[in-house]
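Notes follow once the structure below has been shown.
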Amino acid sequence: MPYNIAMVSDFFYPNMGGVESHLYQLSQRLIQRGHKIIIITHSYGNRTGIRYLTNGLKVYYVPHMVIYSEATLPTIYGFFPIFRNIVKREKIDIVHGHQAFSSLCHEAILHSRTMGMKACFTDHSLFGFADASSILTNKLLKFTLSDIDHVICVSHTSKENTVLRAALNPQMVSVIPNAVVASQFKPDPGAQDPNFITIVVASRLVYRKGMDLLVAAIPRICQMHSKVKFIIGGDGPKRIDLEQMREKYLLHDRVELIGTLMQHEMRNLLTKGHIFLNTSLTEAFCIGIVEAACCGLLVVSTKVGGVPEVLPKRMIIFAKPEEDDLVNAVARAIEMIRLKEVIPIKFHDEIKEMYSWVNVAERTEKVYDAIWKIRIPPLMERLRRYYGCGVWAGKIFCMLIAIDYLIWRFLEWILPEQDIEIAPAFPYQKYNKMCQMADKDDDDD
């Protein structure tokens, strides 16, 4: 059965990252399987309003205040009027939120349940339980997931983490990993510098990605191996630390910082390297190491979170998230490259068989089929679920839900559903047929 699905997250293109790539690729495959997909995110600079991407993927860039690292300011109810208008215009059946850091995701799930719609959530990150930030985020997640049809996690480690954080029944949590478009990440041995062993880092330059560890390790690795250089792609608040390290140790000719990368530039960066280095302190899946292995790079990574589940042992060398162990792991990888023990095309062929977005879309579709059969709970049942969230928190959550319900009834009165103009669906089948005819004409010429 084809569904009308709204993917909601603060994180989407032109911002770069694993969540953004996941949203785009999953949406494309679901469109190809006959579903209607729209994406709702916040505006990026002048990119406000509606944009169309490949295969008629419609993206709503909603004007919203960004507070930190592309995450929007939580408003609870401020997003409701425009969200209701969008889902009614597009005749949405299922709301699919992505990423626990996303305020738009939490608010969309809350409002969709108030409106009697199906909702599911995909968690892309791991969280702790001790620091103040994690405690607050976990409480927010508990609030959102108290009334949800299904949850998807990208690794088994992520599933265990989410079940504990939100006190969920493990049976309502599925594990569906990320994937890679193997045809976009083919090895190119000719792009490598024959005079150096090149180590590539591609990541957001933030503390969570282990940039402090990288800053400490690079000078030691460069001192131990004179024929090694680094290319670092990405941007973030830790870039200044990398620049200061490069200045202090006079490594301008061996450490190259190339800044923000677009998705189509990632393969050109990866094929320049022999080794891919991931220093994350916490990671649910890490799509970057899959893309690197697909390009034929040997991966060195910290052994954290769901990373051990991602690649076979012959493709990756693990290190503890400690400076000494990371330096030793990189040294082992350099020795393997010197001995020519890595065969890039073999890595590529294996990854192509292991990861496929078509498979991810099929499994996600089964989740949609399952939640479509679930009964929508009445308001009193929803309040009962929220009341169990804590002695004080439960009462506050019930009050928030009651207000949300009243706002919905007010919006139904002031702008009835029948007065909202229905948006025409993109004619994907006709568009696809025209593309095939154009390709056939090009081949004939």
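By order of appearance in the structure tokens: chains A, B, ..., then residues from 1 within every chain, and ligands from 1 in the order shown.
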
Q. Please, which residues of range 141-310 of chain A, numbered as in this document, come out alpha helix (DSSP H) from DSSP, as number ranges by chain?
A. A: 141-145, 156-166, 211-224, 239-248, 266-270, 287-294

Q: Just the residues within 7 Å of range 395-403 of chain A, please, counting only C-alpha atoms, with nothing from its chain fewer than 6 positions along; format it as a count of residues only.
A: 3

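For the set A:Ile76, A:Ile334, A:Ala438, A:Ile414, the residue with the smallest atom-to-atom gap to Leu140 in chain A is A:Ile76, counting only C-alpha atoms.
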
With a distance cut-off of 12 Å and only C-alpha atoms, select the neighbouring residues of Leu168 in chain A, excluding the residue or stretch itself and same-chain residues fewer than 3 positions from it, and output the selection as a CSV table (one decimal) with N, CA, C and O atoms, in the first residue's frame.
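Ended up saving to result30.csv:
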chain,number,residue,atom,x,y,z
A,141,LEU,N,13.2,12.9,25.3
A,141,LEU,CA,12.9,11.7,24.5
A,141,LEU,C,11.9,10.8,25.1
A,141,LEU,O,11.0,10.2,24.4
A,142,LYS,N,11.9,10.6,26.4
A,142,LYS,CA,10.9,9.9,27.1
A,142,LYS,C,9.5,10.5,26.9
A,142,LYS,O,8.5,9.8,26.7
A,143,PHE,N,9.4,11.8,26.9
A,143,PHE,CA,8.2,12.5,26.7
A,143,PHE,C,7.6,12.2,25.3
A,143,PHE,O,6.5,11.8,25.1
A,144,THR,N,8.5,12.4,24.3
A,144,THR,CA,8.1,12.2,22.9
A,144,THR,C,7.7,10.7,22.6
A,144,THR,O,6.7,10.5,21.9
A,145,LEU,N,8.5,9.8,23.1
A,145,LEU,CA,8.3,8.4,22.8
A,145,LEU,C,7.3,7.7,23.7
A,145,LEU,O,7.0,6.5,23.5
A,146,SER,N,6.7,8.4,24.6
A,146,SER,CA,5.6,7.8,25.4
A,146,SER,C,4.4,7.5,24.6
A,146,SER,O,3.6,6.6,24.9
A,147,ASP,N,4.3,8.3,23.5
A,147,ASP,CA,3.1,8.0,22.6
A,147,ASP,C,3.7,8.0,21.1
A,147,ASP,O,3.7,9.0,20.4
A,148,ILE,N,4.2,6.8,20.7
A,148,ILE,CA,4.8,6.6,19.4
A,148,ILE,C,4.4,5.2,18.9
A,148,ILE,O,4.1,4.3,19.7
A,149,ASP,N,4.2,5.1,17.6
A,149,ASP,CA,3.8,3.8,17.1
A,149,ASP,C,5.0,2.8,17.0
A,149,ASP,O,4.9,1.6,17.2
A,150,HIS,N,6.2,3.3,16.6
A,150,HIS,CA,7.4,2.5,16.4
A,150,HIS,C,8.6,3.3,16.4
A,150,HIS,O,8.6,4.5,16.1
A,151,VAL,N,9.7,2.7,16.8
A,151,VAL,CA,11.0,3.4,16.8
A,151,VAL,C,12.0,2.5,16.0
A,151,VAL,O,12.0,1.3,16.1
A,152,ILE,N,12.9,3.2,15.2
A,152,ILE,CA,13.9,2.6,14.4
A,152,ILE,C,15.3,3.1,14.9
A,152,ILE,O,15.4,4.3,15.2
A,159,LYS,N,19.9,0.6,19.7
A,159,LYS,CA,18.7,0.1,20.2
A,159,LYS,C,18.7,0.0,21.7
A,159,LYS,O,17.8,0.4,22.4
A,160,GLU,N,19.7,-0.7,22.2
A,160,GLU,CA,19.9,-0.8,23.7
A,160,GLU,C,19.9,0.5,24.4
A,160,GLU,O,19.2,0.7,25.4
A,161,ASN,N,20.6,1.5,23.8
A,161,ASN,CA,20.7,2.8,24.4
A,161,ASN,C,19.3,3.5,24.4
A,161,ASN,O,18.9,4.1,25.4
A,162,THR,N,18.6,3.4,23.3
A,162,THR,CA,17.3,4.1,23.2
A,162,THR,C,16.3,3.5,24.1
A,162,THR,O,15.5,4.2,24.8
A,163,VAL,N,16.3,2.1,24.2
A,163,VAL,CA,15.3,1.4,25.1
A,163,VAL,C,15.5,1.8,26.5
A,163,VAL,O,14.6,2.0,27.3
A,164,LEU,N,16.8,1.9,26.9
A,164,LEU,CA,17.1,2.3,28.3
A,164,LEU,C,16.7,3.8,28.6
A,164,LEU,O,16.1,4.1,29.6
A,165,ARG,N,17.0,4.7,27.6
A,165,ARG,CA,16.8,6.1,27.8
A,165,ARG,C,15.3,6.4,27.9
A,165,ARG,O,14.9,7.3,28.6
A,171,GLN,N,10.3,-4.7,21.9
A,171,GLN,CA,9.6,-5.2,20.7
A,171,GLN,C,9.1,-4.2,19.8
A,171,GLN,O,8.8,-4.5,18.6
A,172,MET,N,9.0,-2.9,20.3
A,172,MET,CA,8.5,-1.9,19.4
A,172,MET,C,9.7,-1.0,18.8
A,172,MET,O,9.5,0.0,18.3
A,173,VAL,N,10.9,-1.6,18.9
A,173,VAL,CA,12.1,-1.0,18.4
A,173,VAL,C,12.7,-1.9,17.4
A,173,VAL,O,13.0,-3.1,17.7
A,174,SER,N,12.9,-1.4,16.2
A,174,SER,CA,13.6,-2.2,15.1
A,174,SER,C,15.0,-1.6,14.8
A,174,SER,O,15.2,-0.4,15.1
A,385,ARG,N,-0.6,7.5,29.4
A,385,ARG,CA,0.8,7.2,29.1
A,385,ARG,C,1.8,8.3,29.6
A,385,ARG,O,2.8,8.0,30.1
A,389,CYS,N,5.2,9.2,33.3
A,389,CYS,CA,6.6,9.7,33.0
A,389,CYS,C,7.3,10.2,34.2
A,389,CYS,O,8.5,10.5,34.1

Q: Using only C-alpha atoms, determine which residues lie at most 8 Å from Ile40 in chain A, disregarding the query and same-chain residues fewer than 6 positions distant; provide the list as a PyMOL selection string.
A: chain A and resi 6-9+59-62

Using all heavy atoms, can you export the residues from the last selection as an mmCIF file, in the first residue's frame?
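See out_39.cif below for the written result:
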data_model
loop_
_atom_site.group_PDB
_atom_site.id
_atom_site.type_symbol
_atom_site.label_atom_id
_atom_site.label_comp_id
_atom_site.auth_asym_id
_atom_site.auth_seq_id
_atom_site.Cartn_x
_atom_site.Cartn_y
_atom_site.Cartn_z
ATOM 1 N N ALA A 6 5.691 12.155 5.737
ATOM 2 C CA ALA A 6 6.437 13.383 6.008
ATOM 3 C C ALA A 6 7.650 13.044 6.870
ATOM 4 O O ALA A 6 7.500 12.578 8.001
ATOM 5 C CB ALA A 6 5.549 14.404 6.715
ATOM 6 N N MET A 7 8.843 13.256 6.317
ATOM 7 C CA MET A 7 10.081 13.123 7.081
ATOM 8 C C MET A 7 10.383 14.476 7.730
ATOM 9 O O MET A 7 10.427 15.497 7.032
ATOM 10 C CB MET A 7 11.242 12.728 6.175
ATOM 11 C CG MET A 7 11.018 11.465 5.365
ATOM 12 S SD MET A 7 11.328 9.996 6.358
ATOM 13 C CE MET A 7 11.213 8.719 5.104
ATOM 14 N N VAL A 8 10.595 14.492 9.044
ATOM 15 C CA VAL A 8 10.794 15.755 9.749
ATOM 16 C C VAL A 8 12.097 15.718 10.539
ATOM 17 O O VAL A 8 12.337 14.788 11.320
ATOM 18 C CB VAL A 8 9.628 16.061 10.713
ATOM 19 C CG1 VAL A 8 9.766 17.464 11.293
ATOM 20 C CG2 VAL A 8 8.285 15.913 10.007
ATOM 21 N N SER A 9 12.941 16.716 10.326
ATOM 22 C CA SER A 9 14.196 16.831 11.080
ATOM 23 C C SER A 9 14.771 18.223 10.900
ATOM 24 O O SER A 9 14.544 18.880 9.877
ATOM 25 C CB SER A 9 15.210 15.779 10.612
ATOM 26 O OG SER A 9 16.421 15.892 11.352
ATOM 27 N N VAL A 59 10.687 19.555 -0.504
ATOM 28 C CA VAL A 59 11.266 19.925 0.789
ATOM 29 C C VAL A 59 10.667 21.250 1.244
ATOM 30 O O VAL A 59 10.706 22.249 0.507
ATOM 31 C CB VAL A 59 12.805 20.056 0.709
ATOM 32 C CG1 VAL A 59 13.383 20.333 2.098
ATOM 33 C CG2 VAL A 59 13.423 18.800 0.120
ATOM 34 N N TYR A 60 10.096 21.267 2.440
ATOM 35 C CA TYR A 60 9.583 22.491 3.050
ATOM 36 C C TYR A 60 10.653 23.051 3.991
ATOM 37 O O TYR A 60 10.971 22.448 5.015
ATOM 38 C CB TYR A 60 8.311 22.202 3.847
ATOM 39 C CG TYR A 60 7.067 22.018 3.016
ATOM 40 C CD1 TYR A 60 6.739 20.769 2.489
ATOM 41 C CD2 TYR A 60 6.201 23.079 2.760
ATOM 42 C CE1 TYR A 60 5.590 20.593 1.725
ATOM 43 C CE2 TYR A 60 5.046 22.908 1.999
ATOM 44 C CZ TYR A 60 4.754 21.665 1.484
ATOM 45 O OH TYR A 60 3.607 21.490 0.738
ATOM 46 N N TYR A 61 11.207 24.213 3.637
ATOM 47 C CA TYR A 61 12.164 24.905 4.500
ATOM 48 C C TYR A 61 11.385 25.948 5.302
ATOM 49 O O TYR A 61 11.088 27.040 4.821
ATOM 50 C CB TYR A 61 13.259 25.558 3.668
ATOM 51 C CG TYR A 61 14.232 24.566 3.058
ATOM 52 C CD1 TYR A 61 14.070 24.110 1.747
ATOM 53 C CD2 TYR A 61 15.319 24.085 3.788
ATOM 54 C CE1 TYR A 61 14.963 23.202 1.186
ATOM 55 C CE2 TYR A 61 16.212 23.179 3.233
ATOM 56 C CZ TYR A 61 16.024 22.742 1.939
ATOM 57 O OH TYR A 61 16.908 21.837 1.384
ATOM 58 N N VAL A 62 11.037 25.598 6.547
ATOM 59 C CA VAL A 62 10.176 26.424 7.383
ATOM 60 C C VAL A 62 11.010 27.479 8.117
ATOM 61 O O VAL A 62 12.029 27.148 8.735
ATOM 62 C CB VAL A 62 9.437 25.540 8.413
ATOM 63 C CG1 VAL A 62 8.540 26.396 9.294
ATOM 64 C CG2 VAL A 62 8.629 24.466 7.697
#

Proximity of range 149-252 of chain A to range 319-333 of chain A: per-residue shortest pair, 12 Å limit, only C-alpha atoms, as JSON lines:
{"residue": "A:Ile197", "atom": "CA", "partner": "A:Ala333", "partner_atom": "CA", "distance": 10.2}
{"residue": "A:Thr198", "atom": "CA", "partner": "A:Ala333", "partner_atom": "CA", "distance": 11.3}
{"residue": "A:Ile199", "atom": "CA", "partner": "A:Val330", "partner_atom": "CA", "distance": 9.1}
{"residue": "A:Val200", "atom": "CA", "partner": "A:Val330", "partner_atom": "CA", "distance": 11.7}
{"residue": "A:Arg208", "atom": "CA", "partner": "A:Pro321", "partner_atom": "CA", "distance": 11.5}
{"residue": "A:Lys209", "atom": "CA", "partner": "A:Pro321", "partner_atom": "CA", "distance": 10.7}
{"residue": "A:Gly210", "atom": "CA", "partner": "A:Pro321", "partner_atom": "CA", "distance": 8.1}
{"residue": "A:Met211", "atom": "CA", "partner": "A:Pro321", "partner_atom": "CA", "distance": 11.1}
{"residue": "A:Asp212", "atom": "CA", "partner": "A:Glu323", "partner_atom": "CA", "distance": 9.5}
{"residue": "A:Leu213", "atom": "CA", "partner": "A:Glu323", "partner_atom": "CA", "distance": 6.1}
{"residue": "A:Leu214", "atom": "CA", "partner": "A:Glu323", "partner_atom": "CA", "distance": 8.1}
{"residue": "A:Val215", "atom": "CA", "partner": "A:Glu323", "partner_atom": "CA", "distance": 9.6}
{"residue": "A:Ala216", "atom": "CA", "partner": "A:Glu323", "partner_atom": "CA", "distance": 6.7}
{"residue": "A:Ala217", "atom": "CA", "partner": "A:Glu323", "partner_atom": "CA", "distance": 5.9}
{"residue": "A:Ile218", "atom": "CA", "partner": "A:Val327", "partner_atom": "CA", "distance": 8.3}
{"residue": "A:Pro219", "atom": "CA", "partner": "A:Val327", "partner_atom": "CA", "distance": 10.0}
{"residue": "A:Arg220", "atom": "CA", "partner": "A:Val327", "partner_atom": "CA", "distance": 7.4}
{"residue": "A:Ile221", "atom": "CA", "partner": "A:Val327", "partner_atom": "CA", "distance": 6.4}
{"residue": "A:Cys222", "atom": "CA", "partner": "A:Val327", "partner_atom": "CA", "distance": 10.2}
{"residue": "A:Gln223", "atom": "CA", "partner": "A:Val327", "partner_atom": "CA", "distance": 11.1}
{"residue": "A:Met224", "atom": "CA", "partner": "A:Ala331", "partner_atom": "CA", "distance": 8.6}
{"residue": "A:His225", "atom": "CA", "partner": "A:Ala331", "partner_atom": "CA", "distance": 8.4}
{"residue": "A:Val228", "atom": "CA", "partner": "A:Ala331", "partner_atom": "CA", "distance": 10.4}
{"residue": "A:Phe230", "atom": "CA", "partner": "A:Val330", "partner_atom": "CA", "distance": 12.0}

Now that the selection is made, can you save its residues with C-alpha atoms as a tab-separated table (two decimals), in the first residue's frame?
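File produced: part.tsv:
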chain	number	residue	atom	x	y	z
A	197	ILE	CA	50.60	7.71	2.65
A	198	THR	CA	47.55	9.95	2.98
A	199	ILE	CA	45.25	9.77	6.01
A	200	VAL	CA	41.79	11.24	5.44
A	208	ARG	CA	31.84	14.55	20.19
A	209	LYS	CA	33.75	13.52	17.06
A	210	GLY	CA	37.00	13.26	19.06
A	211	MET	CA	38.75	16.33	17.65
A	212	ASP	CA	40.77	16.80	20.85
A	213	LEU	CA	42.08	13.26	20.37
A	214	LEU	CA	42.94	14.04	16.74
A	215	VAL	CA	44.77	17.24	17.69
A	216	ALA	CA	46.93	15.28	20.15
A	217	ALA	CA	47.64	12.37	17.79
A	218	ILE	CA	48.56	14.13	14.53
A	219	PRO	CA	51.91	15.63	15.68
A	220	ARG	CA	53.05	12.26	17.08
A	221	ILE	CA	52.08	10.40	13.90
A	222	CYS	CA	53.85	12.97	11.70
A	223	GLN	CA	56.97	12.75	13.87
A	224	MET	CA	57.04	8.93	13.68
A	225	HIS	CA	56.33	8.71	9.93
A	228	VAL	CA	52.52	10.54	6.02
A	230	PHE	CA	46.64	14.36	6.57

Test item: residues at most 6 Å from Ile275 in chain A, only C-alpha atoms, excluding those fewer than 4 positions along its chain, as an mmCIF file with N, CA, C and O atoms, in the first residue's frame:
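Wrote result24.cif, looks like this:
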data_model
loop_
_atom_site.group_PDB
_atom_site.id
_atom_site.type_symbol
_atom_site.label_atom_id
_atom_site.label_comp_id
_atom_site.auth_asym_id
_atom_site.auth_seq_id
_atom_site.Cartn_x
_atom_site.Cartn_y
_atom_site.Cartn_z
ATOM 1 N N ILE A 199 46.291 10.108 5.037
ATOM 2 C CA ILE A 199 45.251 9.770 6.008
ATOM 3 C C ILE A 199 44.146 10.812 5.883
ATOM 4 O O ILE A 199 44.404 12.015 5.994
ATOM 5 N N LEU A 297 39.520 2.414 1.179
ATOM 6 C CA LEU A 297 40.431 2.852 2.226
ATOM 7 C C LEU A 297 40.406 1.882 3.405
ATOM 8 O O LEU A 297 39.352 1.334 3.746
ATOM 9 N N LEU A 298 41.550 1.685 4.025
ATOM 10 C CA LEU A 298 41.629 0.959 5.287
ATOM 11 C C LEU A 298 41.177 1.907 6.386
ATOM 12 O O LEU A 298 41.612 3.058 6.445
ATOM 13 N N VAL A 299 40.294 1.446 7.264
ATOM 14 C CA VAL A 299 39.702 2.309 8.285
ATOM 15 C C VAL A 299 40.369 2.081 9.635
ATOM 16 O O VAL A 299 40.581 0.938 10.050
#

Q: Please identify all polymer residues within 6 Å of range 300-310 of chain A, counting only C-alpha atoms, omitting same-chain residues fewer than 2 positions from it, and present them as a PyMOL selection string.
A: chain A and resi 155+157+277-279+282-285+316-321

Convert the current residue selection to file output with C-alpha atoms, as a compact mmCIF listing (two decimals), in the first residue's frame.
# COMPACT_ATOMS: atom_id res chain seq x y z
CA SER A 155 22.50 -0.31 15.22
CA THR A 157 23.97 -0.72 20.39
CA LEU A 277 40.65 7.93 10.46
CA ASN A 278 37.57 8.17 12.70
CA THR A 279 38.14 9.46 16.25
CA THR A 282 30.35 8.24 20.66
CA GLU A 283 28.78 6.90 17.47
CA ALA A 284 25.60 4.96 16.73
CA PHE A 285 26.63 3.81 13.25
CA ILE A 316 39.02 -1.86 10.09
CA ILE A 317 41.58 -1.46 12.90
CA PHE A 318 40.11 -0.51 16.27
CA ALA A 319 41.65 1.67 18.94
CA LYS A 320 40.57 2.72 22.40
CA PRO A 321 39.56 6.40 22.56

Q: Identify, on the basis of only C-alpha atoms, every residue whose closest approach to Arg363 in chain A does not exceed 12 Å; exclude the query and any residue fewer than 6 positions from it along the same chain; express the result as a ChimeraX atom specification.
A: /A:26,29-30,152,174-178,356-357,369-370

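What separates CA of Asp188 in chain A from CA of Leu257 in chain A is a distance of 21.5 Å.
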
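Counting only C-alpha atoms and comparing A:Lys229, A:Lys430, A:His106, A:His264, the residue that lies closest to Thr137 in chain A is A:His106.
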
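The space between CA of Gln418 in chain A and CA of Asn85 in chain A spans 11.2 Å.
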
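Between Ile5 in chain A and the residues A:Pro187, A:Gly234, A:Gly17, A:Gly97, the shortest atom-to-atom distance, using only C-alpha atoms, involves A:Gly97.
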
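CA of Arg246 in chain A sits 24.3 Å away from CA of Glu335 in chain A.
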
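Closest approach to Ala182 in chain A among A:Met16, A:Met380, A:Ile371, A:Ala293 is made by A:Ala293 (distances from only C-alpha atoms).
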
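Nearest residue to Tyr3 in chain A among A:Thr364, A:Gln436, A:Ser226, A:Thr122 is A:Thr364, counting only C-alpha atoms.
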
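Shortest atom-to-atom contact with Arg338 in chain A among A:Pro237, A:His274, A:Asn138, A:Lys313: A:His274, counting only C-alpha atoms.
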
Q.
Considering only strand (DSSP E) as DSSP defines it on the backbone, what residues of range 150-287 of chain A qualify? List them as a PyMOL selection string.
A. chain A and resi 150-153+173-175+197-202+228-233+255-259+275-278
